[in-house]
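Next comes protein24.cif, a file with mmCIF, C-alpha atoms (C1' of nucleotides).
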```cif
data_final
loop_
_atom_site.group_PDB
_atom_site.id
_atom_site.type_symbol
_atom_site.label_atom_id
_atom_site.label_comp_id
_atom_site.auth_asym_id
_atom_site.auth_seq_id
_atom_site.Cartn_x
_atom_site.Cartn_y
_atom_site.Cartn_z
ATOM 1 C CA MET A 1 0.000 0.000 0.000
ATOM 2 C CA LYS A 2 1.030 3.476 -0.573
ATOM 3 C CA SER A 3 -0.002 6.538 1.301
ATOM 4 C CA ASN A 4 -1.233 8.432 -1.674
ATOM 5 C CA ALA A 5 -3.502 10.696 0.315
ATOM 6 C CA CYS A 6 -2.381 13.697 2.355
ATOM 7 C CA LYS A 7 -0.456 14.928 -0.669
ATOM 8 C CA SER A 8 -0.719 18.172 -2.504
ATOM 9 C CA PHE A 9 -1.869 18.210 -6.076
ATOM 10 C CA ASP A 10 1.685 18.954 -7.181
ATOM 11 C CA GLU A 11 3.125 15.959 -5.379
ATOM 12 C CA ARG A 12 0.612 13.710 -7.067
ATOM 13 C CA CYS A 13 1.747 15.062 -10.414
ATOM 14 C CA TYR A 14 5.370 14.355 -9.651
ATOM 15 C CA ASP A 15 4.577 10.876 -8.407
ATOM 16 C CA LEU A 16 2.665 10.152 -11.577
ATOM 17 C CA LEU A 17 5.499 11.597 -13.572
ATOM 18 C CA LEU A 18 7.923 9.156 -11.998
ATOM 19 C CA LYS A 19 5.709 6.371 -13.265
ATOM 20 C CA ILE A 20 6.532 7.243 -16.836
ATOM 21 C CA PRO A 21 9.136 4.788 -18.136
ATOM 22 C CA LYS A 22 12.168 6.036 -19.974
ATOM 23 C CA GLY A 23 11.697 6.636 -23.664
ATOM 24 C CA LYS A 24 8.010 7.385 -23.151
ATOM 25 C CA VAL A 25 5.971 10.518 -22.680
ATOM 26 C CA ALA A 26 2.624 11.519 -21.205
ATOM 27 C CA THR A 27 0.223 14.324 -21.996
ATOM 28 C CA TYR A 28 -1.028 16.897 -19.527
ATOM 29 C CA LYS A 29 -4.538 15.710 -20.162
ATOM 30 C CA LYS A 30 -3.704 12.077 -19.504
ATOM 31 C CA MET A 31 -2.026 13.068 -16.276
ATOM 32 C CA ALA A 32 -5.020 15.041 -15.128
ATOM 33 C CA GLU A 33 -7.332 12.188 -15.998
ATOM 34 C CA ALA A 34 -5.070 9.764 -14.170
ATOM 35 C CA LEU A 35 -5.362 12.046 -11.160
ATOM 36 C CA ASP A 36 -9.121 11.988 -11.601
ATOM 37 C CA THR A 37 -9.349 15.650 -12.429
ATOM 38 C CA LYS A 38 -9.471 18.045 -15.361
ATOM 39 C CA ALA A 39 -6.808 20.392 -14.155
ATOM 40 C CA TYR A 40 -4.584 20.081 -17.224
ATOM 41 C CA ARG A 41 -3.277 23.502 -16.441
ATOM 42 C CA ALA A 42 -2.732 22.821 -12.773
ATOM 43 C CA VAL A 43 -0.522 19.896 -13.816
ATOM 44 C CA GLY A 44 1.575 22.201 -15.956
ATOM 45 C CA GLN A 45 1.645 24.625 -13.070
ATOM 46 C CA ALA A 46 3.315 22.019 -10.880
ATOM 47 C CA MET A 47 5.907 21.417 -13.596
ATOM 48 C CA ASN A 48 6.493 25.100 -14.104
ATOM 49 C CA ARG A 49 7.325 25.539 -10.439
ATOM 50 C CA ASN A 50 9.932 22.914 -11.207
ATOM 51 C CA PRO A 51 10.670 21.902 -7.625
ATOM 52 C CA ASN A 52 12.819 18.945 -8.624
ATOM 53 C CA LEU A 53 14.052 19.422 -12.129
ATOM 54 C CA VAL A 54 16.548 16.618 -11.563
ATOM 55 C CA THR A 55 14.415 14.220 -9.588
ATOM 56 C CA VAL A 56 11.210 14.804 -11.493
ATOM 57 C CA PRO A 57 11.298 14.097 -15.245
ATOM 58 C CA CYS A 58 9.102 17.056 -16.139
ATOM 59 C CA HIS A 59 10.381 16.849 -19.710
ATOM 60 C CA ARG A 60 8.393 13.655 -20.284
ATOM 61 C CA VAL A 61 5.146 15.575 -20.313
ATOM 62 C CA VAL A 62 3.848 16.929 -23.608
ATOM 63 C CA ASN A 63 0.696 18.462 -25.043
ATOM 64 C CA SER A 64 -2.231 16.255 -26.004
ATOM 65 C CA ASN A 65 -1.745 17.082 -29.668
ATOM 66 C CA GLY A 66 1.743 15.571 -29.581
ATOM 67 C CA GLU A 67 3.561 18.866 -29.320
ATOM 68 C CA VAL A 68 6.365 19.098 -26.793
ATOM 69 C CA GLY A 69 4.699 22.139 -25.330
ATOM 70 C CA GLY A 70 6.878 24.231 -23.089
ATOM 71 C CA TYR A 71 9.644 23.787 -20.592
ATOM 72 C CA ALA A 72 11.136 25.794 -17.759
ATOM 73 C CA GLU A 73 14.488 25.916 -19.528
ATOM 74 C CA GLY A 74 12.985 26.256 -22.985
ATOM 75 C CA SER A 75 11.159 23.898 -25.307
ATOM 76 C CA ALA A 76 14.408 23.273 -27.182
ATOM 77 C CA ARG A 77 15.964 21.966 -24.000
ATOM 78 C CA LYS A 78 12.985 19.681 -23.498
ATOM 79 C CA ILE A 79 13.358 18.249 -26.977
ATOM 80 C CA GLU A 80 16.998 17.532 -26.355
ATOM 81 C CA LEU A 81 16.231 15.634 -23.174
ATOM 82 C CA LEU A 82 13.474 13.660 -24.858
ATOM 83 C CA ARG A 83 15.789 12.665 -27.666
ATOM 84 C CA GLU A 84 18.276 11.615 -25.026
ATOM 85 C CA GLU A 85 15.622 9.350 -23.550
ATOM 86 C CA GLY A 86 15.098 7.778 -26.936
ATOM 87 C CA VAL A 87 11.965 9.654 -27.938
ATOM 88 C CA GLU A 88 11.846 10.732 -31.560
ATOM 89 C CA VAL A 89 11.007 14.395 -31.811
ATOM 90 C CA SER A 90 10.386 16.110 -35.130
ATOM 91 C CA ASP A 91 12.186 19.325 -35.962
ATOM 92 C CA ASN A 92 8.864 21.005 -35.426
ATOM 93 C CA GLY A 93 8.807 19.719 -31.872
ATOM 94 C CA GLN A 94 6.280 17.019 -32.565
ATOM 95 C CA ILE A 95 6.295 13.647 -30.847
ATOM 96 C CA ASN A 96 4.868 10.409 -32.177
ATOM 97 C CA LEU A 97 2.306 9.754 -29.456
ATOM 98 C CA PHE A 98 1.307 6.528 -31.186
ATOM 99 C CA GLU A 99 4.726 5.188 -30.319
ATOM 100 C CA PHE A 100 5.853 7.070 -27.240
ATOM 101 C CA LEU A 101 2.669 7.926 -25.381
ATOM 102 C CA HIS A 102 2.660 6.077 -22.073
ATOM 103 C CA SER A 103 -0.615 4.884 -20.584
ATOM 104 C CA PHE A 104 -1.190 5.056 -16.855
ATOM 105 C CA SER A 105 -2.707 1.595 -16.477
ATOM 106 C CA ASP A 106 -0.521 0.491 -13.651
ATOM 107 C "C1'" DG B 1 -10.857 35.004 0.672
ATOM 108 C "C1'" DC B 2 -11.015 36.984 -3.808
ATOM 109 C "C1'" DT B 3 -8.153 37.992 -8.073
ATOM 110 C "C1'" DT B 4 -4.638 36.902 -11.216
ATOM 111 C "C1'" DT B 5 -1.782 33.692 -13.509
ATOM 112 C "C1'" DG B 6 -0.593 29.632 -16.390
ATOM 113 C "C1'" DA B 7 4.623 24.440 -19.456
ATOM 114 C "C1'" DC B 8 -3.376 23.044 -21.361
ATOM 115 C "C1'" DA B 9 -7.668 21.382 -24.160
ATOM 116 C "C1'" DC B 10 -11.369 22.201 -27.153
ATOM 117 C "C1'" DT B 11 -14.457 24.615 -30.436
ATOM 118 C "C1'" DA B 12 -15.623 28.163 -33.629
ATOM 119 C "C1'" DA B 13 -14.738 31.428 -37.231
ATOM 120 C "C1'" DC C 1 -2.961 28.134 -40.926
ATOM 121 C "C1'" DT C 2 -4.119 31.895 -36.987
ATOM 122 C "C1'" DT C 3 -6.990 34.320 -33.685
ATOM 123 C "C1'" DA C 4 -10.474 34.427 -30.279
ATOM 124 C "C1'" DG C 5 -13.317 32.662 -26.895
ATOM 125 C "C1'" DT C 6 -14.637 29.285 -23.147
ATOM 126 C "C1'" DG C 7 -13.714 25.728 -19.631
ATOM 127 C "C1'" DC C 8 -11.019 23.659 -16.204
ATOM 128 C "C1'" DC C 9 -8.267 23.533 -11.797
ATOM 129 C "C1'" DA C 10 -4.725 24.597 -8.311
ATOM 130 C "C1'" DA C 11 -1.067 27.738 -6.543
ATOM 131 C "C1'" DA C 12 0.519 32.281 -5.649
ATOM 132 C "C1'" DG C 13 -0.303 37.217 -4.766
#
```

Translate this structure into structure tokens?
Amino acid sequence: MKSNACKSFDERCYDLLLKIPKGKVATYKKMAEALDTKAYRAVGQAMNRNPNLVTVPCHRVVNSNGEVGGYAEGSARKIELLREEGVEVSDNGQINLFEFLHSFSD
DNA sequence: GCTTTGACACTAA
DNA sequence: CTTAGTGCCAAAG
């Protein structure tokens, strides 16, 4: 069992983020739905605060349309990290969700 | 305790 | 394609 309760919305986002395997990505919408909410923006908010840029793989979160979206250190930086993970990112900053979108069915 | 902000999502024109 | 508008939610001011 895990004490999932008593946690702030942000912490839940980070925890969910850690569930994303390497070489995969998740969308803000999927995250919100996994958290049983519709706060797509609130999820991004937690990332933007960037409390643990090293511990929390915020760069594995992208827009629902497959776009990398934004990043605290710049979208370009995000793309670099994703490519490092093994995710194929187009020059336009597009990600193949059909191949790299992770599903929270754990 | 209300107002503003925001790394989003969706629809319409 | 871009611009505009609406909805959604939580954190910060």

**Request:** Please report as a ChimeraX atom specification which residues of chain B come no farther than 8 Å from chain A, using all atoms listed in the file.
**Result:** /B:6-9

**Request:** Run through the PyMOL selection byres ((chain A and resi 97-100) around 6) on the given coordinates and return the selected residues as number ranges by chain.
**Result:** A: 24-25, 66, 95-96, 101

**Request:** Find the residues of chain C in contact range of chain A, meaning any atom within 9 Å when counting all atoms listed in the file, and list them as a ChimeraX atom specification.
**Result:** /C:8-11

**Request:** Rank A:Phe104, A:Lys30, A:Leu35, A:Leu81 by their smallest atom-to-atom distance to A:Val54, using all atoms listed in the file, and report the top residue only.
**Result:**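 Smallest separation from A:Val54 among the options: A:Leu81.
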
**Message:** Can you pull out the residues contacting B:DA12? Cut-off 10 Å, using all atoms listed in the file, and skip same-chain residues under 2 positions away; I want them as JSON, numbers by chain.
**Reply:** {"B": [10], "C": [4, 5]}

**Request:** Go ahead and compute the interatomic distance for atom C1' of B:DT11 and atom C1' of C:DT6, in Å to one decimal.
**Result:** 8.7 Å

**Asked** Expressed in Å to a single decimal, how great is the separation between atom CA of A:Lys22 and atom CA of A:Lys7?
**Response**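 The value is 24.7 Å.
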
**Request:** Could you please determine the separation between atom CA of A:Ala76 and atom CA of A:Ser90 in Å, to one decimal place?
**Result:** 11.4 Å
